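K.L.:
Provided herewith: upload-v2.pdb, PDB, C-alpha atoms.
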```pdb
ATOM      1  CA  MET E 597      18.990 107.306 217.947
ATOM      2  CA  GLY E 598      16.691 108.348 220.742
ATOM      3  CA  GLN E 599      14.574 111.444 220.283
ATOM      4  CA  TYR E 600      14.270 113.951 223.110
ATOM      5  CA  TYR E 601      11.147 116.003 223.814
ATOM      6  CA  HIS E 602      10.471 119.309 225.539
ATOM      7  CA  PRO E 603       6.878 120.138 226.616
ATOM      8  CA  THR E 604       6.207 123.607 225.198
ATOM      9  CA  MET E 605       3.520 126.176 226.050
ATOM     10  CA  MET E 606       2.498 129.304 224.129
ATOM     11  CA  ASP E 607       0.145 132.078 225.223
ATOM     12  CA  GLU E 608      -1.991 134.509 223.205
ATOM     13  CA  GLU E 609       0.796 137.101 223.153
ATOM     14  CA  GLY E 610       3.176 134.671 221.459
ATOM     15  CA  ASN E 611       5.340 134.026 224.521
ATOM     16  CA  ILE E 612       6.965 130.607 224.525
ATOM     17  CA  ASN E 613       7.946 128.561 227.589
ATOM     18  CA  TRP E 614       9.212 125.014 227.797
ATOM     19  CA  ILE E 615       9.973 122.453 230.490
ATOM     20  CA  TYR E 616      13.094 120.325 230.805
ATOM     21  CA  THR E 617      12.112 116.837 231.909
ATOM     22  CA  HIS E 618      15.467 116.228 233.607
ATOM     23  CA  ASP E 619      14.522 118.977 236.077
ATOM     24  CA  TYR E 620      11.876 116.529 237.325
ATOM     25  CA  HIS E 621      14.222 113.516 237.353
ATOM     26  CA  ASN E 622      12.549 112.051 234.268
ATOM     27  CA  GLY E 623      13.852 110.833 230.934
ATOM     28  CA  LEU E 624      13.674 112.998 227.826
ATOM     29  CA  LYS E 625      12.204 110.375 225.493
ATOM     30  CA  LEU E 626       8.460 110.499 224.938
ATOM     31  CA  MET E 627       7.725 107.098 226.432
ATOM     32  CA  GLU E 628       9.961 107.755 229.425
ATOM     33  CA  HIS E 629       7.713 110.432 230.919
ATOM     34  CA  SER E 630       4.234 110.160 229.324
ATOM     35  CA  TYR E 631       2.354 108.594 232.221
ATOM     36  CA  ILE E 632      -0.515 109.752 234.403
ATOM     37  CA  GLY E 633       0.888 110.823 237.765
ATOM     38  CA  ASN E 634       4.310 111.681 236.340
ATOM     39  CA  SER E 635       5.820 114.911 237.713
ATOM     40  CA  VAL E 636       6.620 116.310 234.247
ATOM     41  CA  MET E 637       3.056 115.760 233.082
ATOM     42  CA  ASN E 638       1.746 117.273 236.314
ATOM     43  CA  ALA E 639       3.944 120.347 235.852
ATOM     44  CA  VAL E 640       2.306 120.970 232.473
ATOM     45  CA  PHE E 641      -1.130 120.151 233.878
ATOM     46  CA  GLY E 642      -0.553 122.825 236.512
ATOM     47  CA  GLN E 643       0.141 125.396 233.799
ATOM     48  CA  ILE E 644      -3.098 124.690 231.917
ATOM     49  CA  LYS E 645      -5.379 124.129 234.914
ATOM     50  CA  ASP E 646      -8.255 126.558 234.247
ATOM     51  CA  HIS E 647      -5.828 128.460 231.990
ATOM     52  CA  PRO E 648      -5.870 127.476 228.293
ATOM     53  CA  LEU E 649      -2.537 127.539 226.473
ATOM     54  CA  ARG E 650      -1.321 126.302 223.130
ATOM     55  CA  ILE E 651       0.629 123.095 223.726
ATOM     56  CA  ALA E 652       3.210 121.216 221.665
ATOM     57  CA  TRP E 653       5.537 118.422 222.818
ATOM     58  CA  ILE E 654       8.509 119.351 220.622
ATOM     59  CA  GLY E 655      10.850 116.522 219.638
ATOM     60  CA  ASP E 656      14.374 117.417 218.555
ATOM     61  CA  TYR E 657      13.779 115.636 215.220
ATOM     62  CA  ALA E 658      10.578 117.598 214.576
ATOM     63  CA  ASP E 659      12.356 120.106 212.338
ATOM     64  CA  GLU E 660      12.448 117.417 209.635
ATOM     65  CA  GLU E 661       9.300 117.873 207.517
ATOM     66  CA  GLN E 662       7.357 114.614 207.096
ATOM     67  CA  ASP E 663       3.763 115.760 206.498
ATOM     68  CA  ASP E 664       2.659 115.209 210.094
ATOM     69  CA  PRO E 665      -0.696 116.661 211.277
ATOM     70  CA  TYR E 666       0.817 119.645 213.120
ATOM     71  CA  GLU E 667       2.705 120.769 210.003
ATOM     72  CA  HIS E 668      -0.598 121.856 208.425
ATOM     73  CA  LYS E 669      -1.649 124.007 211.377
ATOM     74  CA  LEU E 670       0.819 126.848 211.132
ATOM     75  CA  PRO E 671       3.335 128.289 208.662
ATOM     76  CA  ARG E 672       6.749 126.646 208.598
ATOM     77  CA  SER E 673       8.346 129.897 209.755
ATOM     78  CA  GLU E 674       6.124 129.974 212.860
ATOM     79  CA  PHE E 675       6.893 126.361 213.681
ATOM     80  CA  MET E 676      10.613 127.033 213.405
ATOM     81  CA  ARG E 677      10.245 130.086 215.672
ATOM     82  CA  VAL E 678       8.865 127.780 218.365
ATOM     83  CA  TYR E 679      11.427 125.066 217.648
ATOM     84  CA  ASP E 680      14.297 127.564 217.890
ATOM     85  CA  ALA E 681      12.962 128.885 221.205
ATOM     86  CA  VAL E 682      13.279 125.352 222.550
ATOM     87  CA  TYR E 683      16.424 124.109 220.800
ATOM     88  CA  GLY E 684      18.139 127.264 219.519
ATOM     89  CA  ASN E 685      20.972 129.325 220.970
ATOM     90  CA  GLU E 686      18.718 131.231 223.408
ATOM     91  CA  TYR E 687      16.772 128.220 224.670
ATOM     92  CA  SER E 688      17.556 129.027 228.306
ATOM     93  CA  LYS E 689      15.531 132.274 228.101
ATOM     94  CA  HIS E 690      12.359 130.260 227.576
ATOM     95  CA  LYS E 691      12.900 127.423 230.049
ATOM     96  CA  ILE E 692      10.703 127.370 233.157
ATOM     97  CA  ARG E 693      10.434 125.024 236.135
ATOM     98  CA  PRO E 694       6.912 125.202 237.572
ATOM     99  CA  ASP E 695       5.799 123.095 240.511
ATOM    100  CA  PRO E 696       3.718 120.049 239.554
ATOM    101  CA  MET E 697       0.079 119.913 240.574
ATOM    102  CA  VAL E 698      -1.226 116.809 242.300
ATOM    103  CA  PHE E 699      -2.783 114.463 239.756
ATOM    104  CA  ASP E 700      -2.744 110.663 239.554
ATOM    105  CA  MET E 701      -5.016 107.768 238.646
ATOM    106  CA  THR E 702      -7.094 108.344 241.772
ATOM    107  CA  SER E 703      -7.937 111.914 240.690
ATOM    108  CA  THR E 704     -11.514 112.244 239.472
ATOM    109  CA  GLY E 705     -13.736 114.792 237.780
ATOM    110  CA  TRP E 706     -11.196 116.210 235.329
ATOM    111  CA  TYR E 707     -11.579 117.084 231.658
ATOM    112  CA  LEU E 708      -8.871 117.730 229.075
ATOM    113  CA  ILE E 709     -10.395 120.326 226.762
ATOM    114  CA  ASN E 710      -9.282 121.289 223.264
ATOM    115  CA  HIS E 711     -10.799 124.718 222.662
ATOM    116  CA  THR E 712      -9.428 124.930 219.130
ATOM    117  CA  GLN E 713     -11.234 121.799 217.968
ATOM    118  CA  ARG E 714     -14.112 122.209 220.454
ATOM    119  CA  VAL E 715     -13.719 118.679 221.809
ATOM    120  CA  TYR E 716     -12.943 117.262 225.240
ATOM    121  CA  LEU E 717     -11.682 114.093 226.871
ATOM    122  CA  ASN E 718     -13.174 112.814 230.127
ATOM    123  CA  LEU E 719     -10.042 111.682 231.968
ATOM    124  CA  ASP E 720     -11.974 109.396 234.340
ATOM    125  CA  VAL E 721     -13.315 107.411 231.399
ATOM    126  CA  TYR E 722     -10.006 107.554 229.550
ATOM    127  CA  THR E 723      -8.035 106.168 232.499
ATOM    128  CA  ALA E 724     -10.528 103.369 233.190
ATOM    129  CA  ARG E 725     -10.366 102.355 229.535
ATOM    130  CA  ASN E 726      -6.613 102.568 228.986
ATOM    131  CA  LYS E 727      -4.861 101.529 232.197
ATOM    132  CA  TRP E 728      -3.051  98.212 232.349
ATOM    133  CA  LYS E 729      -1.344  96.085 234.960
ATOM    134  CA  ASP E 730       2.438  96.079 235.276
ATOM    135  CA  CYS E 731       4.740  94.684 237.914
ATOM    136  CA  TRP E 732       8.212  94.933 239.412
ATOM    137  CA  LYS E 733      10.271  92.795 241.753
ATOM    138  CA  ASN E 734      10.945  94.072 245.250
ATOM    139  CA  TRP E 735      14.575  93.036 245.637
ATOM    140  CA  GLU E 736      14.451  93.368 249.409
ATOM    141  CA  THR E 737      11.578  90.912 249.867
ATOM    142  CA  GLY E 738      11.685  89.021 246.579
ATOM    143  CA  ASP E 739       7.976  89.712 246.094
ATOM    144  CA  ILE E 740       6.476  90.650 242.729
ATOM    145  CA  GLU E 741       4.407  93.802 243.212
ATOM    146  CA  GLU E 742       1.651  94.711 240.752
ATOM    147  CA  PHE E 743       0.504  98.242 239.925
ATOM    148  CA  ASP E 744      -1.547 100.166 237.361
ATOM    149  CA  LEU E 745      -0.049 102.224 234.537
ATOM    150  CA  CYS E 746      -1.759 104.584 232.108
ATOM    151  CA  LEU E 747      -0.361 106.808 229.392
ATOM    152  CA  ASN E 748      -1.170 110.492 229.707
ATOM    153  CA  PRO E 749      -2.966 111.549 226.504
ATOM    154  CA  LEU E 750      -1.694 115.140 226.562
ATOM    155  CA  SER E 751       1.894 114.434 225.535
ATOM    156  CA  LEU E 752       0.842 111.991 222.810
ATOM    157  CA  LEU E 753      -1.884 114.190 221.340
ATOM    158  CA  THR E 754       0.512 117.151 221.134
ATOM    159  CA  ALA E 755       3.731 115.325 220.162
ATOM    160  CA  CYS E 756       5.714 116.791 217.257
ATOM    161  CA  GLY E 757       8.179 114.467 215.526
ATOM    162  CA  ASN E 758       6.782 111.169 216.783
ATOM    163  CA  ASP E 759       8.130 107.901 215.334
ATOM    164  CA  ARG E 760      11.386 109.485 214.148
ATOM    165  CA  GLY E 761      13.503 108.008 216.934
ATOM    166  CA  CYS E 762      13.556 105.250 219.523
ATOM    167  CA  GLY E 763      11.516 105.872 222.633
ATOM    168  CA  ASP E 764       8.573 107.222 220.620
ATOM    169  CA  TYR E 765       4.984 105.937 220.407
ATOM    170  CA  HIS E 766       5.520 103.732 217.382
ATOM    171  CA  ALA E 767       3.367 102.522 214.503
ATOM    172  CA  GLY E 768       1.305  99.515 215.574
ATOM    173  CA  TYR E 769       0.419 100.993 218.962
ATOM    174  CA  PRO E 770      -3.323 101.788 219.412
ATOM    175  CA  ASP E 771      -4.437 105.137 217.938
ATOM    176  CA  TYR E 772      -0.954 105.774 216.562
ATOM    177  CA  ASN E 773      -2.493 107.975 213.833
ATOM    178  CA  LYS E 774      -3.963 110.304 216.481
ATOM    179  CA  VAL E 775      -0.543 111.279 217.876
ATOM    180  CA  GLY E 776       0.158 114.973 217.240
ATOM    181  CA  THR E 777      -3.389 115.862 216.200
ATOM    182  CA  TRP E 778      -3.783 118.329 219.098
ATOM    183  CA  ALA E 779      -0.353 119.957 218.731
ATOM    184  CA  PHE E 780      -0.461 123.779 218.808
ATOM    185  CA  ASP E 781      -4.129 123.756 219.830
ATOM    186  CA  LYS E 782      -5.409 125.713 222.829
ATOM    187  CA  ILE E 783      -5.797 123.185 225.637
ATOM    188  CA  GLU E 784      -7.132 123.430 229.176
ATOM    189  CA  LEU E 785      -7.422 121.104 232.164
ATOM    190  CA  SER E 786     -10.643 121.736 234.061
ATOM    191  CA  GLN E 787     -13.169 120.172 236.397
ATOM    192  CA  THR E 788     -15.941 121.934 234.507
ATOM    193  CA  GLN E 789     -17.381 119.935 231.640
ATOM    194  CA  PRO E 790     -17.547 122.145 228.547
ATOM    195  CA  VAL E 791     -20.902 122.959 226.995
ATOM    196  CA  LYS E 792     -21.598 122.243 223.315
ATOM    197  CA  TYR E 793     -18.226 120.544 222.837
ATOM    198  CA  LEU E 794     -17.941 117.036 221.405
ATOM    199  CA  GLU E 795     -16.698 114.308 223.748
ATOM    200  CA  VAL E 796     -13.924 112.201 222.197
ATOM    201  CA  MET E 797     -12.019 109.114 223.291
ATOM    202  CA  TYR E 798      -8.595 107.668 222.493
ATOM    203  CA  SER E 799      -6.872 104.367 223.137
ATOM    204  CA  PHE E 800      -3.216 104.973 223.964
ATOM    205  CA  ILE E 801      -1.630 101.806 225.330
ATOM    206  CA  GLU E 802       2.052 100.957 225.195
ATOM    207  CA  HIS E 803       1.566  97.623 223.487
ATOM    208  CA  ARG E 804       1.389  96.753 219.815
ATOM    209  CA  LYS E 805      -1.909  95.417 218.440
ATOM    210  CA  GLU E 806      -0.430  91.990 217.829
ATOM    211  CA  GLU E 807       0.769  91.920 221.472
ATOM    212  CA  ASN E 808      -2.751  92.731 222.679
ATOM    213  CA  ALA E 809      -4.201  90.007 220.467
ATOM    214  CA  ALA E 810      -1.787  87.498 221.956
TER     215      ALA E 810
END
```
Would you put the structure from the file into C-alpha cells?
P.N.:
Amino acid sequence: MGQYYHPTMMDEEGNINWIYTHDYHNGLKLMEHSYIGNSVMNAVFGQIKDHPLRIAWIGDYADEEQDDPYEHKLPRSEFMRVYDAVYGNEYSKHKIRPDPMVFDMTSTGWYLINHTQRVYLNLDVYTARNKWKDCWKNWETGDIEEFDLCLNPLSLLTACGNDRGCGDYHAGYPDYNKVGTWAFDKIELSQTQPVKYLEVMYSFIEHRKEENAA
C-alpha cells in the first residue's frame, strides 16, 4: 500500500500545524512531492525562512514502532500527540495552507540549518551534486525534452515512517540511512551562513546504487 505524508511544523509553544499536499495539486506519497521547486516544499520553506521550527514529515504508517532515528528523540506519548494532531479526529484544526515562497534550482545563496544538531547544508552545493537529467515527450511536437531534477533534502531528512509503504525513499537509494535523522529538530532556511556550525552533505538521488553503477 502507498504511504501518505503530511509536512508538519511545531513551534516552541507546542503548537502543531501541518500541510496537505493535495492543496498544492501534489501527490501525498513522499517521492511524489519531494523535489526542489515543488510548491509543497516551497510552502514549508516559506514557513521556516529566517524562522526556525521543529519539522517532521509524518507518514500515516509512522505510528508503527520500528526503531527509526526519530523514535529516540522524544517520548512515545509526545510523538503520538503530534501524530494525532495530523491524523486524529481533530486534524482539521491544525491544517494550514500557506503560500509557497519562490525557490527552485536557480536559487542561490541558501542554507538549510539544523539548530538542534548545529549543522547546516549548503543548498547550492547540494543541488550541484545531486541533480540528474530526466526527460519527457512533448506529445504536440513529438520532441523529447530534457530537464534537471533534484530531490529536496528537507522532506527526506525529516521523514517519519519511511520505507513502510510504496512511494517511499527505499533501501538501496543513496544515503537511505540518513532519512529521518533530522525529524523533530529545529530547522531554518536562511541566506546567512551559520557560525561555528558543521557543514554536512548528503546524496539523495532517486536511483538505486546498482542502477547508478550500470
K.L.:
How would you write, as a list in words, the residues chosen by the PyMOL selection byres ((chain E and resi 796) around 10) on this structure?
P.N.:
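Expected selection for the PyMOL selection byres ((chain E and resi 796) around 10) here is Ile709, Val715, Tyr716, Leu717, Asn718, Tyr722, Tyr793, Leu794, Glu795, Met797 and Tyr798 of chain E.
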K.L.:
Run through the PyMOL selection byres ((chain E and resi 773-784) around 6) on the given coordinates and return the selected residues as an NGL selection string.
P.N.:
:E and (644 or 647-652 or 665-666 or 708-712 or 752-756 or 771-772 or 785)
K.L.:
Given the selection you just returned, output its residues as a file containing C-alpha atoms, formatted as an mmCIF file, in the coordinates of the input.
P.N.:
```
data_model
loop_
_atom_site.group_PDB
_atom_site.id
_atom_site.type_symbol
_atom_site.label_atom_id
_atom_site.label_comp_id
_atom_site.auth_asym_id
_atom_site.auth_seq_id
_atom_site.Cartn_x
_atom_site.Cartn_y
_atom_site.Cartn_z
ATOM 1 C CA ILE E 644 -3.098 124.690 231.917
ATOM 2 C CA HIS E 647 -5.828 128.460 231.990
ATOM 3 C CA PRO E 648 -5.870 127.476 228.293
ATOM 4 C CA LEU E 649 -2.537 127.539 226.473
ATOM 5 C CA ARG E 650 -1.321 126.302 223.130
ATOM 6 C CA ILE E 651 0.629 123.095 223.726
ATOM 7 C CA ALA E 652 3.210 121.216 221.665
ATOM 8 C CA PRO E 665 -0.696 116.661 211.277
ATOM 9 C CA TYR E 666 0.817 119.645 213.120
ATOM 10 C CA LEU E 708 -8.871 117.730 229.075
ATOM 11 C CA ILE E 709 -10.395 120.326 226.762
ATOM 12 C CA ASN E 710 -9.282 121.289 223.264
ATOM 13 C CA HIS E 711 -10.799 124.718 222.662
ATOM 14 C CA THR E 712 -9.428 124.930 219.130
ATOM 15 C CA LEU E 752 0.842 111.991 222.810
ATOM 16 C CA LEU E 753 -1.884 114.190 221.340
ATOM 17 C CA THR E 754 0.512 117.151 221.134
ATOM 18 C CA ALA E 755 3.731 115.325 220.162
ATOM 19 C CA CYS E 756 5.714 116.791 217.257
ATOM 20 C CA ASP E 771 -4.437 105.137 217.938
ATOM 21 C CA TYR E 772 -0.954 105.774 216.562
ATOM 22 C CA LEU E 785 -7.422 121.104 232.164
#
```
K.L.:
Using all atoms listed in the file, pick whichever of E:Ile801, E:Tyr687, E:Tyr620, E:Asp700 has the shortest atom-to-atom distance to Lys729 in chain E.
P.N.:
E:Ile801
K.L.:
Please determine the residues with any atom at most 12 Å from (16.3, 114.9, 225.2) (coordinates as given in the file, with all atoms listed in the file counting) and report them as a PDB file with C-alpha atoms, in the frame of the given file.
P.N.:
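For reference, out-v3.pdb as written:
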```
ATOM      1  CA  MET E 597      18.990 107.306 217.947  1.00  0.00           C
ATOM      2  CA  GLY E 598      16.691 108.348 220.742  1.00  0.00           C
ATOM      3  CA  GLN E 599      14.574 111.444 220.283  1.00  0.00           C
ATOM      4  CA  TYR E 600      14.270 113.951 223.110  1.00  0.00           C
ATOM      5  CA  TYR E 601      11.147 116.003 223.814  1.00  0.00           C
ATOM      6  CA  HIS E 602      10.471 119.309 225.539  1.00  0.00           C
ATOM      7  CA  PRO E 603       6.878 120.138 226.616  1.00  0.00           C
ATOM      8  CA  ILE E 615       9.973 122.453 230.490  1.00  0.00           C
ATOM      9  CA  TYR E 616      13.094 120.325 230.805  1.00  0.00           C
ATOM     10  CA  THR E 617      12.112 116.837 231.909  1.00  0.00           C
ATOM     11  CA  HIS E 618      15.467 116.228 233.607  1.00  0.00           C
ATOM     12  CA  ASP E 619      14.522 118.977 236.077  1.00  0.00           C
ATOM     13  CA  ASN E 622      12.549 112.051 234.268  1.00  0.00           C
ATOM     14  CA  GLY E 623      13.852 110.833 230.934  1.00  0.00           C
ATOM     15  CA  LEU E 624      13.674 112.998 227.826  1.00  0.00           C
ATOM     16  CA  LYS E 625      12.204 110.375 225.493  1.00  0.00           C
ATOM     17  CA  LEU E 626       8.460 110.499 224.938  1.00  0.00           C
ATOM     18  CA  MET E 627       7.725 107.098 226.432  1.00  0.00           C
ATOM     19  CA  GLU E 628       9.961 107.755 229.425  1.00  0.00           C
ATOM     20  CA  HIS E 629       7.713 110.432 230.919  1.00  0.00           C
ATOM     21  CA  TRP E 653       5.537 118.422 222.818  1.00  0.00           C
ATOM     22  CA  ILE E 654       8.509 119.351 220.622  1.00  0.00           C
ATOM     23  CA  GLY E 655      10.850 116.522 219.638  1.00  0.00           C
ATOM     24  CA  ASP E 656      14.374 117.417 218.555  1.00  0.00           C
ATOM     25  CA  TYR E 657      13.779 115.636 215.220  1.00  0.00           C
ATOM     26  CA  VAL E 682      13.279 125.352 222.550  1.00  0.00           C
ATOM     27  CA  TYR E 683      16.424 124.109 220.800  1.00  0.00           C
ATOM     28  CA  GLY E 761      13.503 108.008 216.934  1.00  0.00           C
ATOM     29  CA  CYS E 762      13.556 105.250 219.523  1.00  0.00           C
ATOM     30  CA  GLY E 763      11.516 105.872 222.633  1.00  0.00           C
ATOM     31  CA  ASP E 764       8.573 107.222 220.620  1.00  0.00           C
TER      32      ASP E 764
END
```
K.L.:
Choose the residue, out of E:Tyr769, E:Phe641, E:Phe675, E:Phe800, that has the smallest atom-to-atom separation from Tyr707 in chain E; count only C-alpha atoms.
P.N.:
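Selected residue with least distance to Tyr707 in chain E: E:Phe641.
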K.L.:
One decimal, Å: what's the distance from CA of Pro694 in chain E over to CA of Arg672 in chain E, could you say?
P.N.:
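About the pair CA of Pro694 in chain E and CA of Arg672 in chain E: they are 29.0 Å apart.
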K.L.:
Sorted by chain and rising residue number, which residues of range 672-771 of chain E lie within 10 Å of range 605-614 of chain E, and what are their closest atom pairs and distances in Å to one decimal, counting only C-alpha atoms, as CSV?
P.N.:
```
residue,atom,partner,partner_atom,distance
E:Arg677,CA,E:Ile612,CA,9.5
E:Val678,CA,E:Ile612,CA,7.0
E:Tyr679,CA,E:Ile612,CA,9.9
E:Ala681,CA,E:Ile612,CA,7.1
E:Val682,CA,E:Trp614,CA,6.6
E:Tyr687,CA,E:Trp614,CA,8.8
E:Ser688,CA,E:Trp614,CA,9.3
E:Lys689,CA,E:Asn613,CA,8.5
E:His690,CA,E:Asn613,CA,4.7
E:Lys691,CA,E:Trp614,CA,4.9
E:Ile692,CA,E:Trp614,CA,6.0
E:Arg693,CA,E:Trp614,CA,8.4
```
K.L.:
With a distance cut-off of 8 Å and all atoms listed in the file, select the neighbouring residues of Gly642 in chain E, excluding the residue or stretch itself and same-chain residues fewer than 6 positions from it, and output the selection as a list in words.
P.N.:
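Residues meeting the cut-off are Pro694, Asp695, Pro696 and Met697 of chain E.
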K.L.:
Using only C-alpha atoms, please write the residues we just selected to a file, as a short mmCIF file (atom, residue, chain, number, x, y, z; two decimals), keeping the file's coordinate frame.
P.N.:
```
data_model
loop_
_atom_site.label_atom_id
_atom_site.label_comp_id
_atom_site.auth_asym_id
_atom_site.auth_seq_id
_atom_site.Cartn_x
_atom_site.Cartn_y
_atom_site.Cartn_z
CA PRO E 694 6.91 125.20 237.57
CA ASP E 695 5.80 123.10 240.51
CA PRO E 696 3.72 120.05 239.55
CA MET E 697 0.08 119.91 240.57
#
```
K.L.:
Which residues fall under the PyMOL selection byres ((chain E and resi 744) around 9) in this file, as a list in words?
P.N.:
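Applying the expression gives Met701, Lys727, Trp728, Lys729, Asp730, Cys731, Glu742, Phe743, Leu745 and Cys746 of chain E.
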K.L.:
Produce a file of the selected residues containing C-alpha atoms, as a CSV table (one decimal), in the frame of the given file.
P.N.:
```csv
chain,number,residue,atom,x,y,z
E,701,MET,CA,-5.0,107.8,238.6
E,727,LYS,CA,-4.9,101.5,232.2
E,728,TRP,CA,-3.1,98.2,232.3
E,729,LYS,CA,-1.3,96.1,235.0
E,730,ASP,CA,2.4,96.1,235.3
E,731,CYS,CA,4.7,94.7,237.9
E,742,GLU,CA,1.7,94.7,240.8
E,743,PHE,CA,0.5,98.2,239.9
E,745,LEU,CA,0.0,102.2,234.5
E,746,CYS,CA,-1.8,104.6,232.1
```
